[in-house]
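Data file: target19.txt. Format and content: compact mmCIF, C-alpha atoms.
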```
# COMPACT_ATOMS: atom_id res chain seq x y z
CA MET A 115 -31.50 3.65 -4.30
CA LYS A 116 -30.18 3.25 -0.78
CA LEU A 117 -26.55 3.64 0.33
CA ARG A 118 -25.51 1.51 3.28
CA LEU A 119 -22.46 0.13 5.04
CA ALA A 120 -21.61 -3.48 4.18
CA GLY A 121 -21.84 -6.13 6.89
CA ALA A 122 -20.71 -9.70 7.34
CA ALA A 123 -23.72 -10.94 5.35
CA ASP A 124 -22.51 -8.99 2.28
CA LEU A 125 -19.32 -10.97 1.68
CA ALA A 126 -20.71 -12.71 -1.43
CA VAL A 127 -21.70 -9.48 -3.17
CA ILE A 128 -18.36 -7.85 -2.27
CA MET A 129 -16.54 -10.82 -3.81
CA HIS A 130 -18.80 -10.60 -6.88
CA HIS A 131 -17.73 -6.96 -7.22
CA ARG A 132 -14.03 -7.77 -6.75
CA ARG A 133 -14.09 -10.58 -9.27
CA SER A 134 -16.15 -8.60 -11.81
CA MET A 135 -13.83 -5.62 -11.44
CA PHE A 136 -10.77 -7.73 -12.23
CA ARG A 137 -12.53 -9.39 -15.15
CA GLU A 138 -13.33 -5.99 -16.65
CA MET A 139 -9.70 -4.95 -16.12
CA GLY A 140 -8.70 -7.81 -18.42
CA TYR A 141 -8.04 -10.70 -16.04
CA HIS A 142 -9.93 -13.47 -17.79
CA ASN A 143 -8.16 -16.56 -16.44
CA GLU A 144 -10.84 -18.17 -14.28
CA ALA A 145 -8.32 -20.28 -12.33
CA ASP A 146 -6.45 -17.10 -11.34
CA LEU A 147 -9.74 -15.45 -10.36
CA ASP A 148 -10.71 -18.53 -8.33
CA ALA A 149 -7.36 -18.45 -6.53
CA MET A 150 -7.82 -14.74 -5.84
CA ALA A 151 -11.33 -15.33 -4.48
CA ALA A 152 -10.25 -18.23 -2.26
CA THR A 153 -7.79 -16.05 -0.31
CA SER A 154 -9.44 -12.62 -0.60
CA ALA A 155 -12.78 -13.79 0.81
CA PRO A 156 -11.49 -14.85 4.26
CA PHE A 157 -9.31 -11.74 4.42
CA ILE A 158 -12.27 -9.44 3.69
CA GLN A 159 -14.56 -11.45 6.00
CA ALA A 160 -12.11 -10.95 8.87
CA GLY A 161 -11.79 -7.27 7.97
CA LEU A 162 -15.57 -6.75 8.01
CA ALA A 163 -15.60 -8.27 11.49
CA ASP A 164 -12.69 -6.28 12.97
CA GLY A 165 -13.16 -2.99 11.09
CA SER A 166 -10.00 -3.22 8.96
CA TYR A 167 -12.27 -3.54 5.89
CA ARG A 168 -15.14 -1.09 5.39
CA GLY A 169 -17.49 -1.49 2.48
CA TRP A 170 -20.38 0.54 1.14
CA LEU A 171 -23.15 -0.74 -1.11
CA ILE A 172 -25.94 0.87 -3.10
CA GLU A 173 -29.12 -1.12 -3.18
CA ALA A 174 -32.01 -0.86 -5.62
CA ALA A 175 -35.33 -2.70 -5.22
CA ALA A 176 -33.89 -5.77 -6.95
CA GLY A 177 -30.67 -5.88 -4.91
CA VAL A 178 -27.19 -4.40 -4.70
CA VAL A 179 -26.15 -2.56 -7.89
CA ALA A 180 -22.85 -0.92 -6.88
CA GLY A 181 -20.21 -1.09 -4.19
CA GLY A 182 -16.80 -0.11 -3.01
CA GLY A 183 -14.61 -0.68 0.00
CA MET A 184 -11.49 0.27 1.86
CA VAL A 185 -8.64 -1.59 3.50
CA ILE A 186 -7.33 0.13 6.62
CA ALA A 187 -3.85 -1.34 7.09
CA GLY A 188 -1.22 -0.73 9.71
CA PHE A 189 1.77 1.07 8.20
CA PRO A 190 4.67 3.14 9.59
CA SER A 191 3.54 6.74 9.97
CA HIS A 192 4.73 9.65 7.83
CA PRO A 193 5.62 13.30 8.52
CA ILE A 194 2.35 14.32 6.86
CA ASP A 195 0.27 11.97 9.05
CA PRO A 196 1.28 10.61 12.47
CA GLN A 197 -1.32 7.83 12.30
CA PRO A 198 0.46 4.48 11.78
CA ARG A 199 -2.00 3.23 9.18
CA ARG A 200 -2.89 3.74 5.53
CA VAL A 201 -6.16 3.42 3.67
CA TRP A 202 -6.63 2.10 0.16
CA ILE A 203 -9.95 2.23 -1.68
CA LEU A 204 -10.70 -0.92 -3.68
CA ASN A 205 -13.45 -3.15 -5.07
CA MET A 206 -15.19 -0.30 -6.91
CA TYR A 207 -17.83 -1.84 -9.12
CA THR A 208 -21.17 -0.80 -10.64
CA GLU A 209 -23.40 -3.24 -12.50
CA PRO A 210 -23.27 -2.35 -16.22
CA GLU A 211 -26.95 -1.44 -16.47
CA HIS A 212 -26.61 1.09 -13.63
CA ARG A 213 -23.60 3.02 -14.92
CA GLY A 214 -23.64 6.72 -15.69
CA GLN A 215 -25.89 7.50 -12.71
CA GLY A 216 -23.18 8.74 -10.35
CA LEU A 217 -23.32 5.69 -8.08
CA ALA A 218 -19.54 5.19 -7.97
CA ARG A 219 -19.12 8.89 -7.26
CA THR A 220 -21.57 8.68 -4.35
CA ILE A 221 -19.67 5.73 -2.88
CA MET A 222 -16.30 7.45 -3.39
CA GLU A 223 -17.52 10.66 -1.73
CA THR A 224 -18.86 8.66 1.22
CA MET A 225 -15.56 6.85 1.67
CA ILE A 226 -13.55 10.08 1.31
CA GLY A 227 -15.84 11.66 3.92
CA TRP A 228 -15.11 8.82 6.32
CA CYS A 229 -11.35 9.30 5.78
CA ARG A 230 -11.72 13.02 6.56
CA GLU A 231 -13.61 12.19 9.77
CA GLN A 232 -10.69 9.91 10.69
CA LYS A 233 -8.30 12.88 10.19
CA LEU A 234 -6.31 10.89 7.63
CA ALA A 235 -3.94 13.04 5.55
CA VAL A 236 -4.36 11.01 2.35
CA VAL A 237 -6.34 8.16 0.85
CA ALA A 238 -4.96 6.02 -2.00
CA LEU A 239 -6.17 3.60 -4.65
CA HIS A 240 -4.91 1.74 -7.69
CA ALA A 241 -6.80 3.12 -10.68
CA SER A 242 -8.20 1.02 -13.50
CA GLU A 243 -8.38 2.81 -16.83
CA ALA A 244 -12.18 2.85 -16.50
CA GLY A 245 -12.06 4.40 -13.04
CA ARG A 246 -9.31 6.94 -13.62
CA PRO A 247 -11.50 9.78 -15.03
CA LEU A 248 -13.72 9.76 -11.91
CA TYR A 249 -10.72 9.64 -9.57
CA GLU A 250 -9.12 12.57 -11.40
CA ARG A 251 -12.35 14.59 -11.14
CA LEU A 252 -12.35 13.91 -7.39
CA GLY A 253 -8.80 15.31 -7.14
CA PHE A 254 -6.72 12.14 -7.06
CA VAL A 255 -3.22 12.48 -8.53
CA PRO A 256 -0.58 9.85 -9.39
CA THR A 257 1.81 8.84 -6.59
CA ASN A 258 5.50 7.90 -6.73
CA GLU A 259 4.77 4.20 -6.17
CA MET A 260 6.89 1.82 -8.24
CA ARG A 261 6.84 -1.95 -8.40
CA LEU A 262 9.02 -4.79 -9.58
CA LYS A 263 7.38 -7.85 -11.10
CA LEU A 264 8.93 -11.03 -9.73
CA LYS A 265 7.07 -13.54 -11.92
CA MET B 136 31.19 -4.45 5.54
CA LYS B 137 28.73 -7.00 6.86
CA LEU B 138 25.10 -7.40 5.79
CA ARG B 139 22.73 -8.70 8.45
CA LEU B 140 19.05 -8.93 9.31
CA ALA B 141 17.82 -6.31 11.78
CA GLY B 142 16.59 -7.40 15.19
CA ALA B 143 14.67 -5.85 18.05
CA ALA B 144 17.87 -4.17 19.33
CA ASP B 145 18.16 -2.23 16.04
CA LEU B 146 15.02 -0.12 16.43
CA ALA B 147 16.99 3.07 17.14
CA VAL B 148 19.14 2.83 14.01
CA ILE B 149 16.09 1.96 11.87
CA MET B 150 14.32 5.07 13.20
CA HIS B 151 17.46 7.12 12.55
CA HIS B 152 17.32 5.90 8.93
CA ARG B 153 13.59 6.63 8.58
CA ARG B 154 13.92 10.13 10.03
CA SER B 155 17.06 10.94 8.01
CA MET B 156 15.40 9.67 4.83
CA PHE B 157 12.40 11.98 5.31
CA ARG B 158 14.68 14.92 6.17
CA GLU B 159 16.58 14.42 2.92
CA MET B 160 13.28 14.19 1.05
CA GLY B 161 12.55 17.73 2.25
CA TYR B 162 10.56 17.20 5.44
CA HIS B 163 12.31 19.64 7.75
CA ASN B 164 9.62 20.31 10.36
CA GLU B 165 11.06 18.68 13.47
CA ALA B 166 7.66 18.52 15.21
CA ASP B 167 6.25 16.54 12.26
CA LEU B 168 9.31 14.26 12.33
CA ASP B 169 8.90 13.79 16.10
CA ALA B 170 5.22 12.88 15.63
CA MET B 171 6.17 10.42 12.87
CA ALA B 172 8.84 8.84 15.07
CA ALA B 173 6.51 8.55 18.08
CA THR B 174 4.05 6.33 16.18
CA SER B 175 6.35 4.63 13.66
CA ALA B 176 8.72 3.28 16.33
CA PRO B 177 6.17 1.11 18.20
CA PHE B 178 4.74 -0.07 14.87
CA ILE B 179 8.17 -1.15 13.60
CA GLN B 180 9.10 -2.62 16.98
CA ALA B 181 5.99 -4.82 16.89
CA GLY B 182 6.75 -5.74 13.28
CA LEU B 183 10.33 -6.78 14.09
CA ALA B 184 8.88 -9.06 16.79
CA ASP B 185 6.12 -10.68 14.71
CA GLY B 186 7.84 -10.72 11.30
CA SER B 187 5.59 -8.15 9.61
CA TYR B 188 8.63 -5.83 9.42
CA ARG B 189 11.93 -7.15 8.09
CA GLY B 190 14.99 -4.95 8.06
CA TRP B 191 18.52 -5.37 6.73
CA LEU B 192 21.54 -3.40 7.84
CA ILE B 193 25.09 -3.02 6.59
CA GLU B 194 27.67 -2.65 9.31
CA ALA B 195 31.19 -1.28 9.07
CA ALA B 196 33.74 -1.41 11.89
CA ALA B 197 32.37 1.83 13.36
CA GLY B 198 28.71 0.79 13.20
CA VAL B 199 25.72 0.61 10.88
CA VAL B 200 26.21 2.66 7.70
CA ALA B 201 23.15 1.70 5.60
CA GLY B 202 19.79 0.03 5.94
CA GLY B 203 16.45 -0.77 4.43
CA GLY B 204 13.32 -2.64 5.39
CA MET B 205 10.01 -4.05 4.29
CA VAL B 206 6.47 -3.98 5.60
CA ILE B 207 4.58 -7.20 4.94
CA ALA B 208 0.92 -6.21 5.24
CA GLY B 209 -2.26 -8.20 4.89
CA PHE B 210 -4.14 -7.17 1.77
CA PRO B 211 -6.84 -8.77 -0.41
CA SER B 212 -5.20 -11.02 -2.96
CA HIS B 213 -4.98 -10.33 -6.71
CA PRO B 214 -5.29 -12.48 -9.85
CA ILE B 215 -1.52 -12.19 -10.29
CA ASP B 216 -0.81 -13.38 -6.72
CA PRO B 217 -3.15 -15.46 -4.54
CA GLN B 218 -1.26 -14.53 -1.36
CA PRO B 219 -3.42 -12.12 0.70
CA ARG B 220 -0.55 -9.79 1.55
CA ARG B 221 1.60 -7.10 -0.04
CA VAL B 222 5.14 -6.02 0.56
CA TRP B 223 6.48 -2.48 0.45
CA ILE B 224 10.17 -1.63 0.71
CA LEU B 225 10.88 1.42 2.85
CA ASN B 226 13.43 3.13 5.12
CA MET B 227 16.23 2.97 2.52
CA TYR B 228 19.08 5.07 3.83
CA THR B 229 22.87 5.19 3.44
CA GLU B 230 25.06 7.48 5.53
CA PRO B 231 26.34 10.27 3.24
CA GLU B 232 30.02 9.31 3.58
CA HIS B 233 29.25 5.74 2.43
CA ARG B 234 27.30 6.55 -0.73
CA GLY B 235 28.34 5.44 -4.20
CA GLN B 236 29.60 2.05 -2.95
CA GLY B 237 26.55 -0.01 -3.96
CA LEU B 238 25.32 -0.53 -0.39
CA ALA B 239 21.70 0.38 -1.16
CA ARG B 240 21.82 -1.90 -4.18
CA THR B 241 23.07 -4.79 -2.03
CA ILE B 242 20.25 -4.25 0.45
CA MET B 243 17.65 -3.96 -2.35
CA GLU B 244 18.87 -7.15 -4.02
CA THR B 245 18.73 -8.99 -0.70
CA MET B 246 15.16 -7.86 -0.06
CA ILE B 247 14.10 -8.66 -3.63
CA GLY B 248 15.64 -12.11 -3.21
CA TRP B 249 13.61 -12.67 -0.04
CA CYS B 250 10.43 -11.67 -1.90
CA ARG B 251 11.27 -14.17 -4.66
CA GLU B 252 11.76 -16.91 -2.05
CA GLN B 253 8.33 -16.03 -0.69
CA LYS B 254 6.88 -16.51 -4.21
CA LEU B 255 5.48 -12.98 -4.20
CA ALA B 256 4.45 -11.75 -7.65
CA VAL B 257 5.46 -8.12 -7.03
CA VAL B 258 7.21 -5.88 -4.54
CA ALA B 259 6.44 -2.16 -4.30
CA LEU B 260 7.96 1.02 -2.88
CA HIS B 261 7.42 4.76 -2.93
CA ALA B 262 10.43 6.28 -4.67
CA SER B 263 12.22 9.40 -3.52
CA GLU B 264 13.87 11.38 -6.32
CA ALA B 265 17.27 10.31 -4.96
CA GLY B 266 16.31 6.63 -4.97
CA ARG B 267 14.50 6.47 -8.29
CA PRO B 268 17.57 5.88 -10.54
CA LEU B 269 18.57 2.77 -8.55
CA TYR B 270 15.00 1.44 -8.51
CA GLU B 271 14.74 1.94 -12.28
CA ARG B 272 18.02 0.09 -12.83
CA LEU B 273 16.64 -2.79 -10.76
CA GLY B 274 13.58 -2.95 -13.03
CA PHE B 275 10.99 -1.08 -10.97
CA VAL B 276 8.31 0.72 -13.01
CA PRO B 277 5.63 3.24 -11.96
CA THR B 278 2.30 1.81 -10.77
CA ASN B 279 -1.24 3.12 -11.25
CA GLU B 280 -1.50 4.25 -7.62
CA MET B 281 -3.26 7.59 -7.10
CA ARG B 282 -3.92 9.52 -3.94
CA LEU B 283 -6.11 12.31 -2.68
CA LYS B 284 -4.71 14.73 -0.13
CA LEU B 285 -7.25 15.38 2.63
CA LYS B 286 -5.31 18.08 4.53
```
Would you write out, as structure tokens, the structure that this file holds?
Amino acid sequence: MKLRLAGAADLAVIMHHRRSMFREMGYHNEADLDAMAATSAPFIQAGLADGSYRGWLIEAAAGVVAGGGMVIAGFPSHPIDPQPRRVWILNMYTEPEHRGQGLARTIMETMIGWCREQKLAVVALHASEAGRPLYERLGFVPTNEMRLKLK
Amino acid sequence: MKLRLAGAADLAVIMHHRRSMFREMGYHNEADLDAMAATSAPFIQAGLADGSYRGWLIEAAAGVVAGGGMVIAGFPSHPIDPQPRRVWILNMYTEPEHRGQGLARTIMETMIGWCREQKLAVVALHASEAGRPLYERLGFVPTNEMRLKLK
């Protein structure tokens, strides 16, 4: 098993992870997933090129078996962090036959380590029910985010 | 009372709102607030110019008495919304002597209306304790966002 940073050539596997993650979260409408893929792929491709998306992958002999990534987005700064940007972890996915081996944890710890190097005060994510236990073990706590559905 | 869109000339009042909002949320360290202002101001100024920040203000005869704004940030799209962007409401502030008159609600409804026009599926915010009752009345519900403090 080898952990490595994702590059431009990894867009397809990142999109496979994103789509598979949503499917496992209960989004089964393929048209909605196609629409998501059509606009997420160019966004992530541009982010891989300019550094506003950073992905990590774990590769076994047969290919990539797990991955995760981060969006680094400009955002007004906060009293707890004068950097005008925020980081969200996303696209966490491990192939079913490779679960329970700590791969997601390894990827999470690597991404958290990068955020510490960047002197970020916090890192955020939106937790699936499947991912929540790991995030809680790593010290993540719920935020005060609220949302209004418009559709 | 007149509601209007904020422009480049309104940066100072927007920053007054952002700083006052944080102070009322309990952030009293003036050095931290200065550091926040130093990096938030150019970010919001650029956003007012390119449309990635939209602010609304309510003006009385003596000047601006309330305001709020939105960051429109690029983000990978989701099965519930194929647009590769997300919107967060922020910088909600009403001068103390003008509270209880529905000004924040007017601004919120205006911003929500803009999001509906944009065909966004959701709009998000991070709720202060003071703001939460209004957001709940407008239909906002907690999200599954989690965060890890790194400092």
Please produce chain B as a PDB file with C-alpha atoms, in the frame of the given file once it has been superposed on chain A, the fit using all Cα atoms paired in sequence order.
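Final output, selection_39.pdb:
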```pdb
ATOM      1  CA  MET B 136     -31.487   3.679  -4.308  1.00  0.00           C
ATOM      2  CA  LYS B 137     -30.174   3.266  -0.786  1.00  0.00           C
ATOM      3  CA  LEU B 138     -26.556   3.639   0.332  1.00  0.00           C
ATOM      4  CA  ARG B 139     -25.514   1.503   3.287  1.00  0.00           C
ATOM      5  CA  LEU B 140     -22.453   0.133   5.045  1.00  0.00           C
ATOM      6  CA  ALA B 141     -21.603  -3.477   4.192  1.00  0.00           C
ATOM      7  CA  GLY B 142     -21.817  -6.125   6.888  1.00  0.00           C
ATOM      8  CA  ALA B 143     -20.678  -9.699   7.335  1.00  0.00           C
ATOM      9  CA  ALA B 144     -23.709 -10.948   5.347  1.00  0.00           C
ATOM     10  CA  ASP B 145     -22.495  -8.997   2.283  1.00  0.00           C
ATOM     11  CA  LEU B 146     -19.301 -10.969   1.672  1.00  0.00           C
ATOM     12  CA  ALA B 147     -20.704 -12.697  -1.428  1.00  0.00           C
ATOM     13  CA  VAL B 148     -21.700  -9.469  -3.179  1.00  0.00           C
ATOM     14  CA  ILE B 149     -18.359  -7.840  -2.276  1.00  0.00           C
ATOM     15  CA  MET B 150     -16.535 -10.816  -3.822  1.00  0.00           C
ATOM     16  CA  HIS B 151     -18.798 -10.601  -6.874  1.00  0.00           C
ATOM     17  CA  HIS B 152     -17.721  -6.950  -7.224  1.00  0.00           C
ATOM     18  CA  ARG B 153     -14.019  -7.751  -6.753  1.00  0.00           C
ATOM     19  CA  ARG B 154     -14.092 -10.591  -9.280  1.00  0.00           C
ATOM     20  CA  SER B 155     -16.154  -8.614 -11.816  1.00  0.00           C
ATOM     21  CA  MET B 156     -13.831  -5.623 -11.445  1.00  0.00           C
ATOM     22  CA  PHE B 157     -10.755  -7.739 -12.237  1.00  0.00           C
ATOM     23  CA  ARG B 158     -12.544  -9.414 -15.166  1.00  0.00           C
ATOM     24  CA  GLU B 159     -13.323  -6.010 -16.659  1.00  0.00           C
ATOM     25  CA  MET B 160      -9.710  -4.967 -16.114  1.00  0.00           C
ATOM     26  CA  GLY B 161      -8.715  -7.826 -18.424  1.00  0.00           C
ATOM     27  CA  TYR B 162      -8.042 -10.706 -16.043  1.00  0.00           C
ATOM     28  CA  HIS B 163      -9.923 -13.491 -17.792  1.00  0.00           C
ATOM     29  CA  ASN B 164      -8.170 -16.588 -16.436  1.00  0.00           C
ATOM     30  CA  GLU B 165     -10.856 -18.183 -14.281  1.00  0.00           C
ATOM     31  CA  ALA B 166      -8.329 -20.283 -12.327  1.00  0.00           C
ATOM     32  CA  ASP B 167      -6.457 -17.100 -11.339  1.00  0.00           C
ATOM     33  CA  LEU B 168      -9.764 -15.457 -10.373  1.00  0.00           C
ATOM     34  CA  ASP B 169     -10.727 -18.543  -8.336  1.00  0.00           C
ATOM     35  CA  ALA B 170      -7.364 -18.451  -6.526  1.00  0.00           C
ATOM     36  CA  MET B 171      -7.827 -14.726  -5.833  1.00  0.00           C
ATOM     37  CA  ALA B 172     -11.336 -15.317  -4.490  1.00  0.00           C
ATOM     38  CA  ALA B 173     -10.242 -18.226  -2.273  1.00  0.00           C
ATOM     39  CA  THR B 174      -7.798 -16.040  -0.315  1.00  0.00           C
ATOM     40  CA  SER B 175      -9.430 -12.610  -0.624  1.00  0.00           C
ATOM     41  CA  ALA B 176     -12.771 -13.774   0.809  1.00  0.00           C
ATOM     42  CA  PRO B 177     -11.479 -14.857   4.253  1.00  0.00           C
ATOM     43  CA  PHE B 178      -9.300 -11.733   4.412  1.00  0.00           C
ATOM     44  CA  ILE B 179     -12.262  -9.440   3.696  1.00  0.00           C
ATOM     45  CA  GLN B 180     -14.534 -11.445   5.990  1.00  0.00           C
ATOM     46  CA  ALA B 181     -12.085 -10.949   8.866  1.00  0.00           C
ATOM     47  CA  GLY B 182     -11.779  -7.268   7.966  1.00  0.00           C
ATOM     48  CA  LEU B 183     -15.558  -6.743   7.993  1.00  0.00           C
ATOM     49  CA  ALA B 184     -15.576  -8.262  11.498  1.00  0.00           C
ATOM     50  CA  ASP B 185     -12.674  -6.268  12.971  1.00  0.00           C
ATOM     51  CA  GLY B 186     -13.141  -2.982  11.079  1.00  0.00           C
ATOM     52  CA  SER B 187      -9.987  -3.214   8.953  1.00  0.00           C
ATOM     53  CA  TYR B 188     -12.255  -3.541   5.886  1.00  0.00           C
ATOM     54  CA  ARG B 189     -15.125  -1.108   5.394  1.00  0.00           C
ATOM     55  CA  GLY B 190     -17.489  -1.512   2.486  1.00  0.00           C
ATOM     56  CA  TRP B 191     -20.389   0.540   1.148  1.00  0.00           C
ATOM     57  CA  LEU B 192     -23.139  -0.738  -1.096  1.00  0.00           C
ATOM     58  CA  ILE B 193     -25.921   0.868  -3.094  1.00  0.00           C
ATOM     59  CA  GLU B 194     -29.123  -1.115  -3.183  1.00  0.00           C
ATOM     60  CA  ALA B 195     -32.010  -0.851  -5.616  1.00  0.00           C
ATOM     61  CA  ALA B 196     -35.318  -2.688  -5.228  1.00  0.00           C
ATOM     62  CA  ALA B 197     -33.883  -5.765  -6.962  1.00  0.00           C
ATOM     63  CA  GLY B 198     -30.668  -5.872  -4.924  1.00  0.00           C
ATOM     64  CA  VAL B 199     -27.182  -4.405  -4.703  1.00  0.00           C
ATOM     65  CA  VAL B 200     -26.167  -2.560  -7.884  1.00  0.00           C
ATOM     66  CA  ALA B 201     -22.847  -0.923  -6.884  1.00  0.00           C
ATOM     67  CA  GLY B 202     -20.202  -1.098  -4.208  1.00  0.00           C
ATOM     68  CA  GLY B 203     -16.787  -0.099  -3.018  1.00  0.00           C
ATOM     69  CA  GLY B 204     -14.599  -0.663   0.000  1.00  0.00           C
ATOM     70  CA  MET B 205     -11.471   0.281   1.865  1.00  0.00           C
ATOM     71  CA  VAL B 206      -8.626  -1.588   3.498  1.00  0.00           C
ATOM     72  CA  ILE B 207      -7.320   0.128   6.617  1.00  0.00           C
ATOM     73  CA  ALA B 208      -3.845  -1.339   7.101  1.00  0.00           C
ATOM     74  CA  GLY B 209      -1.202  -0.735   9.717  1.00  0.00           C
ATOM     75  CA  PHE B 210       1.771   1.066   8.218  1.00  0.00           C
ATOM     76  CA  PRO B 211       4.655   3.148   9.614  1.00  0.00           C
ATOM     77  CA  SER B 212       3.529   6.733   9.982  1.00  0.00           C
ATOM     78  CA  HIS B 213       4.705   9.659   7.827  1.00  0.00           C
ATOM     79  CA  PRO B 214       5.592  13.307   8.521  1.00  0.00           C
ATOM     80  CA  ILE B 215       2.321  14.307   6.849  1.00  0.00           C
ATOM     81  CA  ASP B 216       0.246  11.961   9.052  1.00  0.00           C
ATOM     82  CA  PRO B 217       1.260  10.613  12.474  1.00  0.00           C
ATOM     83  CA  GLN B 218      -1.344   7.830  12.317  1.00  0.00           C
ATOM     84  CA  PRO B 219       0.456   4.483  11.789  1.00  0.00           C
ATOM     85  CA  ARG B 220      -1.997   3.226   9.183  1.00  0.00           C
ATOM     86  CA  ARG B 221      -2.908   3.741   5.537  1.00  0.00           C
ATOM     87  CA  VAL B 222      -6.149   3.428   3.680  1.00  0.00           C
ATOM     88  CA  TRP B 223      -6.629   2.108   0.163  1.00  0.00           C
ATOM     89  CA  ILE B 224      -9.944   2.226  -1.682  1.00  0.00           C
ATOM     90  CA  LEU B 225     -10.686  -0.914  -3.676  1.00  0.00           C
ATOM     91  CA  ASN B 226     -13.439  -3.156  -5.081  1.00  0.00           C
ATOM     92  CA  MET B 227     -15.193  -0.289  -6.905  1.00  0.00           C
ATOM     93  CA  TYR B 228     -17.827  -1.834  -9.124  1.00  0.00           C
ATOM     94  CA  THR B 229     -21.167  -0.792 -10.637  1.00  0.00           C
ATOM     95  CA  GLU B 230     -23.411  -3.229 -12.490  1.00  0.00           C
ATOM     96  CA  PRO B 231     -23.268  -2.338 -16.212  1.00  0.00           C
ATOM     97  CA  GLU B 232     -26.967  -1.429 -16.474  1.00  0.00           C
ATOM     98  CA  HIS B 233     -26.602   1.099 -13.622  1.00  0.00           C
ATOM     99  CA  ARG B 234     -23.596   3.025 -14.926  1.00  0.00           C
ATOM    100  CA  GLY B 235     -23.634   6.733 -15.700  1.00  0.00           C
ATOM    101  CA  GLN B 236     -25.897   7.531 -12.720  1.00  0.00           C
ATOM    102  CA  GLY B 237     -23.170   8.760 -10.349  1.00  0.00           C
ATOM    103  CA  LEU B 238     -23.321   5.704  -8.077  1.00  0.00           C
ATOM    104  CA  ALA B 239     -19.546   5.199  -7.963  1.00  0.00           C
ATOM    105  CA  ARG B 240     -19.121   8.893  -7.253  1.00  0.00           C
ATOM    106  CA  THR B 241     -21.571   8.681  -4.339  1.00  0.00           C
ATOM    107  CA  ILE B 242     -19.681   5.731  -2.881  1.00  0.00           C
ATOM    108  CA  MET B 243     -16.301   7.465  -3.382  1.00  0.00           C
ATOM    109  CA  GLU B 244     -17.521  10.659  -1.720  1.00  0.00           C
ATOM    110  CA  THR B 245     -18.863   8.665   1.221  1.00  0.00           C
ATOM    111  CA  MET B 246     -15.554   6.858   1.690  1.00  0.00           C
ATOM    112  CA  ILE B 247     -13.560  10.081   1.306  1.00  0.00           C
ATOM    113  CA  GLY B 248     -15.819  11.674   3.915  1.00  0.00           C
ATOM    114  CA  TRP B 249     -15.109   8.818   6.327  1.00  0.00           C
ATOM    115  CA  CYS B 250     -11.360   9.291   5.785  1.00  0.00           C
ATOM    116  CA  ARG B 251     -11.730  13.013   6.548  1.00  0.00           C
ATOM    117  CA  GLU B 252     -13.600  12.182   9.769  1.00  0.00           C
ATOM    118  CA  GLN B 253     -10.710   9.907  10.692  1.00  0.00           C
ATOM    119  CA  LYS B 254      -8.308  12.855  10.183  1.00  0.00           C
ATOM    120  CA  LEU B 255      -6.304  10.884   7.630  1.00  0.00           C
ATOM    121  CA  ALA B 256      -3.965  13.044   5.546  1.00  0.00           C
ATOM    122  CA  VAL B 257      -4.363  10.989   2.352  1.00  0.00           C
ATOM    123  CA  VAL B 258      -6.344   8.145   0.847  1.00  0.00           C
ATOM    124  CA  ALA B 259      -4.958   6.013  -1.986  1.00  0.00           C
ATOM    125  CA  LEU B 260      -6.183   3.591  -4.646  1.00  0.00           C
ATOM    126  CA  HIS B 261      -4.909   1.745  -7.687  1.00  0.00           C
ATOM    127  CA  ALA B 262      -6.800   3.119 -10.677  1.00  0.00           C
ATOM    128  CA  SER B 263      -8.196   1.011 -13.482  1.00  0.00           C
ATOM    129  CA  GLU B 264      -8.390   2.798 -16.836  1.00  0.00           C
ATOM    130  CA  ALA B 265     -12.190   2.830 -16.505  1.00  0.00           C
ATOM    131  CA  GLY B 266     -12.049   4.397 -13.042  1.00  0.00           C
ATOM    132  CA  ARG B 267      -9.317   6.949 -13.626  1.00  0.00           C
ATOM    133  CA  PRO B 268     -11.523   9.776 -15.033  1.00  0.00           C
ATOM    134  CA  LEU B 269     -13.734   9.754 -11.911  1.00  0.00           C
ATOM    135  CA  TYR B 270     -10.726   9.632  -9.575  1.00  0.00           C
ATOM    136  CA  GLU B 271      -9.139  12.569 -11.416  1.00  0.00           C
ATOM    137  CA  ARG B 272     -12.357  14.583 -11.138  1.00  0.00           C
ATOM    138  CA  LEU B 273     -12.353  13.903  -7.393  1.00  0.00           C
ATOM    139  CA  GLY B 274      -8.815  15.304  -7.146  1.00  0.00           C
ATOM    140  CA  PHE B 275      -6.729  12.128  -7.070  1.00  0.00           C
ATOM    141  CA  VAL B 276      -3.219  12.476  -8.534  1.00  0.00           C
ATOM    142  CA  PRO B 277      -0.584   9.836  -9.385  1.00  0.00           C
ATOM    143  CA  THR B 278       1.802   8.826  -6.586  1.00  0.00           C
ATOM    144  CA  ASN B 279       5.489   7.898  -6.726  1.00  0.00           C
ATOM    145  CA  GLU B 280       4.759   4.201  -6.163  1.00  0.00           C
ATOM    146  CA  MET B 281       6.888   1.811  -8.231  1.00  0.00           C
ATOM    147  CA  ARG B 282       6.844  -1.946  -8.408  1.00  0.00           C
ATOM    148  CA  LEU B 283       9.013  -4.795  -9.569  1.00  0.00           C
ATOM    149  CA  LYS B 284       7.371  -7.847 -11.089  1.00  0.00           C
ATOM    150  CA  LEU B 285       8.933 -11.032  -9.707  1.00  0.00           C
ATOM    151  CA  LYS B 286       7.065 -13.551 -11.904  1.00  0.00           C
TER     152      LYS B 286
END
```
Let me have the centre and edge lengths in Å, one decimal, of the box along x, y and z around every listed atom of range 228-235 of chain A with 4 Å of margin on each side, as lines of an AutoDock Vina configuration file.
```
center_x = -9.5
center_y = 10.9
center_z = 8.1
size_x = 19.2
size_y = 12.2
size_z = 13.1
```
Return the single residue from B:Arg158, B:Lys137, B:Arg189, B:Lys286 that is closest to chain A, with distances computed using all atoms listed in the file. B:Lys286
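Between CA of Gly142 in chain B and CA of Val199 in chain B there is a distance of 12.9 Å.
Residues with any atom within 12 Å of Leu283 in chain B, counting all atoms listed in the file and excluding same-chain neighbours fewer than 6 positions away, are Val201, Trp202, Ile203, Met222, Glu223, Met225, Ile226, Gly227, Cys229, Arg230, Leu234, Ala235, Val236, Val237, Ala238, Leu239, His240, Tyr249, Glu250, Arg251, Leu252, Gly253, Phe254, Val255, Pro256 and Thr257 of chain A.
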